>>> print(open('coords.cif').read())   # mmCIF, C-alpha atoms
data_structure
#
loop_
_atom_site.label_atom_id
_atom_site.label_comp_id
_atom_site.auth_asym_id
_atom_site.auth_seq_id
_atom_site.Cartn_x
_atom_site.Cartn_y
_atom_site.Cartn_z
CA MET A 12 0.00 0.00 0.00
CA ASN A 13 2.94 2.33 0.61
CA SER A 14 4.19 2.15 -2.96
CA SER A 15 3.11 3.50 -6.31
CA VAL A 16 3.04 0.09 -8.01
CA PHE A 17 -0.52 0.55 -9.31
CA LYS A 18 0.34 3.95 -10.75
CA ASP A 19 3.66 2.79 -12.22
CA PHE A 20 2.35 -0.39 -13.83
CA ARG A 21 -1.06 0.54 -15.27
CA PRO A 22 -3.02 -1.19 -16.65
CA SER A 23 -2.12 -4.47 -15.06
CA SER A 24 -4.70 -6.77 -13.62
CA SER A 25 -4.90 -9.45 -11.04
CA SER A 26 -7.63 -11.36 -9.34
CA SER A 27 -7.30 -12.46 -5.78
CA ARG A 28 -9.79 -14.08 -3.47
CA THR A 29 -7.54 -13.23 -0.50
CA ALA A 30 -7.43 -9.57 -1.49
CA ALA A 31 -11.20 -9.63 -1.90
CA ALA A 32 -11.64 -10.86 1.66
CA ALA A 33 -9.19 -8.28 2.98
CA CYS A 34 -10.87 -5.42 1.14
CA ARG A 35 -14.32 -6.44 2.32
CA ILE A 36 -13.23 -6.77 5.93
CA THR A 37 -10.58 -4.08 6.32
CA GLY A 38 -11.33 -1.72 3.43
CA GLY A 39 -11.25 1.30 5.72
CA ARG A 40 -7.73 0.43 6.80
CA TYR A 41 -6.50 0.38 3.19
CA ARG A 42 -8.26 3.64 2.41
CA GLY A 43 -6.61 5.25 5.45
CA LEU A 44 -3.16 3.89 4.56
CA ALA A 45 -3.46 5.25 1.02
CA GLN A 46 -4.53 8.63 2.39
CA ASP A 47 -1.69 8.75 4.96
CA ALA A 48 0.85 7.87 2.29
CA LYS A 49 -0.61 10.62 0.07
CA LEU A 50 -1.22 8.09 -2.70
CA GLY A 51 -4.69 9.34 -3.54
CA LEU A 52 -8.05 7.64 -3.33
CA LEU A 53 -7.97 3.88 -2.97
CA SER A 54 -10.67 3.54 -5.62
CA GLU A 55 -8.53 5.43 -8.14
CA LEU A 56 -5.34 3.71 -7.06
CA MET A 57 -6.35 0.06 -7.10
CA LEU A 58 -9.71 -0.60 -8.64
CA ASN A 59 -8.57 -0.20 -12.24
CA ASN A 60 -5.96 -2.85 -11.57
CA VAL A 61 -7.37 -5.27 -9.02
CA PHE A 62 -10.35 -7.52 -9.63
CA PHE A 63 -12.22 -9.72 -7.22
CA ASP A 64 -13.67 -13.15 -7.93
CA THR A 65 -16.95 -14.61 -6.76
CA CYS A 66 -15.55 -17.73 -5.08
CA VAL A 67 -17.49 -16.89 -1.95
CA TYR A 68 -19.61 -19.82 -0.85
CA HIS A 69 -22.58 -18.12 0.74
CA LEU A 70 -25.09 -15.43 -0.18
CA PRO A 71 -24.20 -12.97 2.62
CA GLY A 72 -20.58 -12.93 1.40
CA GLN A 73 -21.68 -12.32 -2.20
CA GLU A 74 -24.00 -9.54 -1.03
CA LEU A 75 -21.15 -7.88 0.82
CA LEU A 76 -18.83 -8.24 -2.16
CA ALA A 77 -21.39 -6.56 -4.45
CA LYS A 78 -21.98 -3.82 -1.86
CA VAL A 79 -18.31 -2.96 -1.26
CA ILE A 80 -16.65 -3.64 -4.62
CA PRO A 81 -17.79 -1.86 -7.80
CA VAL A 82 -19.50 -4.25 -10.25
CA ASP A 83 -16.85 -3.39 -12.86
CA ASN A 84 -14.24 -5.04 -10.63
CA ILE A 85 -16.00 -8.35 -9.98
CA LEU A 86 -15.17 -11.40 -12.08
CA PHE A 87 -17.32 -14.51 -12.01
CA ALA A 88 -15.59 -17.61 -10.68
CA SER A 89 -16.76 -21.00 -9.54
CA GLU A 90 -14.65 -24.02 -8.66
CA MET A 91 -15.93 -27.24 -10.19
CA ILE A 92 -13.27 -29.29 -8.43
CA GLY A 93 -12.05 -26.85 -5.86
CA ALA A 94 -11.63 -26.35 -2.19
CA VAL A 95 -15.10 -27.58 -1.24
CA ARG A 96 -16.49 -30.50 -3.23
CA GLY A 97 -19.52 -31.41 -1.15
CA VAL A 98 -23.18 -30.57 -1.11
CA ASP A 99 -24.45 -28.23 1.57
CA PRO A 100 -26.98 -30.26 3.61
CA GLU A 101 -28.87 -27.06 4.50
CA THR A 102 -29.50 -26.04 0.89
CA GLY A 103 -29.03 -29.19 -1.19
CA HIS A 104 -26.68 -27.28 -3.51
CA HIS A 105 -22.96 -27.70 -4.07
CA TYR A 106 -21.01 -25.24 -1.96
CA ASP A 107 -19.06 -24.00 -4.97
CA ASP A 108 -22.15 -23.23 -7.08
CA THR A 109 -21.58 -19.49 -6.94
CA LYS A 110 -23.77 -18.63 -9.94
CA ARG A 111 -26.94 -19.09 -7.94
CA TYR A 112 -25.77 -16.46 -5.46
CA ILE A 113 -25.05 -13.92 -8.20
CA ASP A 114 -28.49 -14.65 -9.67
CA GLN A 115 -30.04 -13.67 -6.30
CA LEU A 116 -28.24 -10.33 -5.96
CA PRO A 117 -30.34 -7.18 -6.44
CA LEU A 118 -28.39 -6.13 -9.53
CA SER A 119 -29.57 -5.19 -13.00
CA ALA A 120 -29.31 -7.69 -15.84
CA ALA A 121 -26.56 -5.50 -17.33
CA ASP A 122 -24.51 -5.61 -14.10
CA LYS A 123 -24.91 -9.38 -13.82
CA ALA A 124 -23.78 -9.70 -17.46
CA LYS A 125 -20.64 -7.73 -16.54
CA ILE A 126 -19.91 -10.11 -13.67
CA PHE A 127 -20.62 -13.29 -15.63
CA GLU A 128 -18.81 -12.35 -18.84
CA GLY A 129 -18.27 -8.71 -19.74
CA ASN A 130 -15.64 -7.88 -17.13
CA ALA A 131 -13.55 -10.96 -17.95
CA ARG A 132 -13.60 -10.05 -21.64
CA ARG A 133 -12.53 -6.49 -20.76
CA VAL A 134 -9.80 -7.47 -18.31
CA TYR A 135 -8.42 -10.37 -20.34
CA SER A 136 -8.52 -8.74 -23.76
CA ARG A 137 -7.46 -11.87 -25.71
CA LEU A 138 -10.30 -13.89 -24.21
CA SER A 139 -12.92 -12.66 -26.69
CA ARG A 140 -10.72 -13.73 -29.62
CA VAL A 141 -10.28 -17.19 -28.14
CA ILE A 142 -14.00 -17.60 -27.44
CA GLU A 143 -15.04 -16.43 -30.90
CA SER A 144 -12.40 -18.65 -32.49
CA SER A 145 -13.60 -21.71 -30.59
CA ARG A 146 -17.21 -20.94 -31.51
CA GLY A 147 -16.17 -20.87 -35.15
CA LEU A 148 -14.48 -24.27 -34.77
CA ALA A 149 -17.58 -25.70 -33.09
CA LYS A 150 -19.80 -24.56 -35.99
CA GLU A 151 -17.47 -26.23 -38.51
CA ALA A 152 -17.57 -29.57 -36.67
#
>>> encode(input="coords.cif", output="structure tokens")
Amino acid sequence: MNSSVFKDFRPSSSSSRTAAAACRITGGRYRGLAQDAKLGLLSELMLNNVFFDTCVYHLPGQELLAKVIPVDNILFASEMIGAVRGVDPETGHHYDDTKRYIDQLPLSAADKAKIFEGNARRVYSRLSRVIESSRGLAKEA
């Protein structure tokens, strides 16, 4: 936080579940550190460079993520064979089925489209080319 790495290396991008948890829980601390170091606003400093994934296995966590982090900085993620492979006995759903939580958020269809696809295409600029190329191959088959 006490460096100008985000200013010096724009536009880089990274996605970090750990950073997402830290920002949601201690966001005020990071804002204060940026201010004390005279680095500018945290939103201007980091949020064009840091993106947060949706590997949060419960609705309250997803709600907090969408409340604290701008929609433009949230990337959809779900682990098919990840940290938690079981089915939640309380809900009957797989723990890592994060799509259903995003579907329940009080966001517009346009904002959900950003989370599910648009942001990833923007952040990972070659992704659209790969997707369109693979669609073309699928049509030929």
>>> atom_distance(input="coords.cif", atom1="CA of Pro81 (chain A)", atom2="CA of Leu58 (chain A)")
8.2 Å
>>> atom_distance(input="coords.cif", atom1="CA of Ala94 (chain A)", atom2="CA of Cys66 (chain A)")
9.9 Å
>>> resolve_selection(input="coords.cif", expression="the PyMOL selection byres ((chain A and resi 117) around 12)", output="MDAnalysis selection string")
chainID A and resid 70 73:75 77:78 82 112:116 118:123
>>> atom_distance(input="coords.cif", atom1="CA of Arg40 (chain A)", atom2="CA of Val79 (chain A)")
13.7 Å
>>> resolve_selection(input="coords.cif", expression="the PyMOL selection byres ((chain A and resi 85) around 9)", output="VMD selection string")
chain A and resid 26 62 to 65 76 to 77 80 to 84 86 to 87 125 to 127 130 to 131
>>> resolve_selection(input="coords.cif", expression="the PyMOL selection byres ((chain A and resi 107) around 10)", output="PyMOL selection string")
chain A and resi 65-69+88-99+104-106+108-111
>>> build_atoms(input="coords.cif", residues="region 126-137 of chain A", atoms="all heavy atoms", output="PDB file, in the frame of the given file")
ATOM      1  N   ILE A 126     -20.547  -9.159 -14.585  1.00  0.00           N
ATOM      2  CA  ILE A 126     -19.910 -10.110 -13.670  1.00  0.00           C
ATOM      3  C   ILE A 126     -19.691 -11.449 -14.351  1.00  0.00           C
ATOM      4  O   ILE A 126     -18.612 -12.028 -14.271  1.00  0.00           O
ATOM      5  CB  ILE A 126     -20.741 -10.275 -12.377  1.00  0.00           C
ATOM      6  CG1 ILE A 126     -20.706  -8.988 -11.559  1.00  0.00           C
ATOM      7  CG2 ILE A 126     -20.230 -11.460 -11.556  1.00  0.00           C
ATOM      8  CD1 ILE A 126     -21.656  -8.974 -10.374  1.00  0.00           C
ATOM      9  N   PHE A 127     -20.709 -11.965 -15.026  1.00  0.00           N
ATOM     10  CA  PHE A 127     -20.620 -13.290 -15.630  1.00  0.00           C
ATOM     11  C   PHE A 127     -19.695 -13.347 -16.840  1.00  0.00           C
ATOM     12  O   PHE A 127     -19.085 -14.382 -17.089  1.00  0.00           O
ATOM     13  CB  PHE A 127     -21.999 -13.793 -16.041  1.00  0.00           C
ATOM     14  CG  PHE A 127     -22.853 -14.236 -14.886  1.00  0.00           C
ATOM     15  CD1 PHE A 127     -24.151 -13.778 -14.751  1.00  0.00           C
ATOM     16  CD2 PHE A 127     -22.368 -15.115 -13.933  1.00  0.00           C
ATOM     17  CE1 PHE A 127     -24.958 -14.192 -13.694  1.00  0.00           C
ATOM     18  CE2 PHE A 127     -23.152 -15.530 -12.867  1.00  0.00           C
ATOM     19  CZ  PHE A 127     -24.452 -15.069 -12.753  1.00  0.00           C
ATOM     20  N   GLU A 128     -19.593 -12.263 -17.600  1.00  0.00           N
ATOM     21  CA  GLU A 128     -18.810 -12.350 -18.840  1.00  0.00           C
ATOM     22  C   GLU A 128     -18.106 -11.064 -19.237  1.00  0.00           C
ATOM     23  O   GLU A 128     -16.933 -11.081 -19.597  1.00  0.00           O
ATOM     24  CB  GLU A 128     -19.734 -12.791 -19.974  1.00  0.00           C
ATOM     25  CG  GLU A 128     -19.043 -12.943 -21.297  1.00  0.00           C
ATOM     26  CD  GLU A 128     -19.967 -13.438 -22.395  1.00  0.00           C
ATOM     27  OE1 GLU A 128     -21.129 -13.784 -22.123  1.00  0.00           O
ATOM     28  OE2 GLU A 128     -19.513 -13.456 -23.553  1.00  0.00           O
ATOM     29  N   GLY A 129     -18.808  -9.960 -19.197  1.00  0.00           N
ATOM     30  CA  GLY A 129     -18.270  -8.710 -19.740  1.00  0.00           C
ATOM     31  C   GLY A 129     -16.962  -8.263 -19.116  1.00  0.00           C
ATOM     32  O   GLY A 129     -16.035  -7.861 -19.826  1.00  0.00           O
ATOM     33  N   ASN A 130     -16.862  -8.328 -17.802  1.00  0.00           N
ATOM     34  CA  ASN A 130     -15.640  -7.880 -17.130  1.00  0.00           C
ATOM     35  C   ASN A 130     -14.447  -8.754 -17.503  1.00  0.00           C
ATOM     36  O   ASN A 130     -13.346  -8.249 -17.719  1.00  0.00           O
ATOM     37  CB  ASN A 130     -15.830  -7.868 -15.616  1.00  0.00           C
ATOM     38  CG  ASN A 130     -16.798  -6.796 -15.168  1.00  0.00           C
ATOM     39  OD1 ASN A 130     -17.093  -5.852 -15.895  1.00  0.00           O
ATOM     40  ND2 ASN A 130     -17.328  -6.946 -13.969  1.00  0.00           N
ATOM     41  N   ALA A 131     -14.655 -10.066 -17.585  1.00  0.00           N
ATOM     42  CA  ALA A 131     -13.550 -10.960 -17.950  1.00  0.00           C
ATOM     43  C   ALA A 131     -13.067 -10.653 -19.365  1.00  0.00           C
ATOM     44  O   ALA A 131     -11.861 -10.627 -19.628  1.00  0.00           O
ATOM     45  CB  ALA A 131     -13.989 -12.418 -17.842  1.00  0.00           C
ATOM     46  N   ARG A 132     -13.997 -10.404 -20.266  1.00  0.00           N
ATOM     47  CA  ARG A 132     -13.600 -10.050 -21.640  1.00  0.00           C
ATOM     48  C   ARG A 132     -12.840  -8.727 -21.672  1.00  0.00           C
ATOM     49  O   ARG A 132     -11.918  -8.547 -22.462  1.00  0.00           O
ATOM     50  CB  ARG A 132     -14.820  -9.968 -22.548  1.00  0.00           C
ATOM     51  CG  ARG A 132     -15.390 -11.332 -22.905  1.00  0.00           C
ATOM     52  CD  ARG A 132     -16.594 -11.149 -23.819  1.00  0.00           C
ATOM     53  NE  ARG A 132     -17.217 -12.398 -24.177  1.00  0.00           N
ATOM     54  CZ  ARG A 132     -17.161 -12.943 -25.393  1.00  0.00           C
ATOM     55  NH1 ARG A 132     -16.496 -12.349 -26.361  1.00  0.00           N
ATOM     56  NH2 ARG A 132     -17.785 -14.072 -25.640  1.00  0.00           N
ATOM     57  N   ARG A 133     -13.214  -7.788 -20.813  1.00  0.00           N
ATOM     58  CA  ARG A 133     -12.530  -6.490 -20.760  1.00  0.00           C
ATOM     59  C   ARG A 133     -11.145  -6.625 -20.137  1.00  0.00           C
ATOM     60  O   ARG A 133     -10.165  -6.090 -20.647  1.00  0.00           O
ATOM     61  CB  ARG A 133     -13.388  -5.489 -19.964  1.00  0.00           C
ATOM     62  CG  ARG A 133     -12.770  -4.104 -19.828  1.00  0.00           C
ATOM     63  CD  ARG A 133     -13.730  -3.145 -19.115  1.00  0.00           C
ATOM     64  NE  ARG A 133     -14.328  -3.669 -17.906  1.00  0.00           N
ATOM     65  CZ  ARG A 133     -13.754  -3.619 -16.698  1.00  0.00           C
ATOM     66  NH1 ARG A 133     -12.562  -3.084 -16.546  1.00  0.00           N
ATOM     67  NH2 ARG A 133     -14.383  -4.105 -15.650  1.00  0.00           N
ATOM     68  N   VAL A 134     -11.063  -7.349 -19.030  1.00  0.00           N
ATOM     69  CA  VAL A 134      -9.800  -7.470 -18.310  1.00  0.00           C
ATOM     70  C   VAL A 134      -8.799  -8.338 -19.057  1.00  0.00           C
ATOM     71  O   VAL A 134      -7.620  -8.018 -19.139  1.00  0.00           O
ATOM     72  CB  VAL A 134     -10.047  -8.036 -16.889  1.00  0.00           C
ATOM     73  CG1 VAL A 134      -8.738  -8.351 -16.185  1.00  0.00           C
ATOM     74  CG2 VAL A 134     -10.867  -7.055 -16.069  1.00  0.00           C
ATOM     75  N   TYR A 135      -9.284  -9.439 -19.599  1.00  0.00           N
ATOM     76  CA  TYR A 135      -8.420 -10.370 -20.340  1.00  0.00           C
ATOM     77  C   TYR A 135      -8.748 -10.198 -21.823  1.00  0.00           C
ATOM     78  O   TYR A 135      -9.533 -10.937 -22.402  1.00  0.00           O
ATOM     79  CB  TYR A 135      -8.657 -11.805 -19.869  1.00  0.00           C
ATOM     80  CG  TYR A 135      -8.400 -11.957 -18.391  1.00  0.00           C
ATOM     81  CD1 TYR A 135      -9.453 -12.108 -17.490  1.00  0.00           C
ATOM     82  CD2 TYR A 135      -7.104 -11.913 -17.882  1.00  0.00           C
ATOM     83  CE1 TYR A 135      -9.220 -12.227 -16.126  1.00  0.00           C
ATOM     84  CE2 TYR A 135      -6.862 -12.024 -16.521  1.00  0.00           C
ATOM     85  CZ  TYR A 135      -7.922 -12.183 -15.652  1.00  0.00           C
ATOM     86  OH  TYR A 135      -7.694 -12.289 -14.306  1.00  0.00           O
ATOM     87  N   SER A 136      -8.136  -9.197 -22.427  1.00  0.00           N
ATOM     88  CA  SER A 136      -8.520  -8.740 -23.760  1.00  0.00           C
ATOM     89  C   SER A 136      -8.432  -9.829 -24.839  1.00  0.00           C
ATOM     90  O   SER A 136      -9.173  -9.786 -25.808  1.00  0.00           O
ATOM     91  CB  SER A 136      -7.675  -7.532 -24.158  1.00  0.00           C
ATOM     92  OG  SER A 136      -6.304  -7.857 -24.097  1.00  0.00           O
ATOM     93  N   ARG A 137      -7.565 -10.804 -24.696  1.00  0.00           N
ATOM     94  CA  ARG A 137      -7.460 -11.870 -25.710  1.00  0.00           C
ATOM     95  C   ARG A 137      -8.557 -12.909 -25.572  1.00  0.00           C
ATOM     96  O   ARG A 137      -8.775 -13.712 -26.462  1.00  0.00           O
ATOM     97  CB  ARG A 137      -6.090 -12.538 -25.638  1.00  0.00           C
ATOM     98  CG  ARG A 137      -4.970 -11.577 -26.018  1.00  0.00           C
ATOM     99  CD  ARG A 137      -3.653 -12.255 -25.967  1.00  0.00           C
ATOM    100  NE  ARG A 137      -3.359 -12.605 -24.580  1.00  0.00           N
ATOM    101  CZ  ARG A 137      -2.193 -13.018 -24.145  1.00  0.00           C
ATOM    102  NH1 ARG A 137      -1.189 -13.149 -24.973  1.00  0.00           N
ATOM    103  NH2 ARG A 137      -2.007 -13.312 -22.876  1.00  0.00           N
TER     104      ARG A 137
END
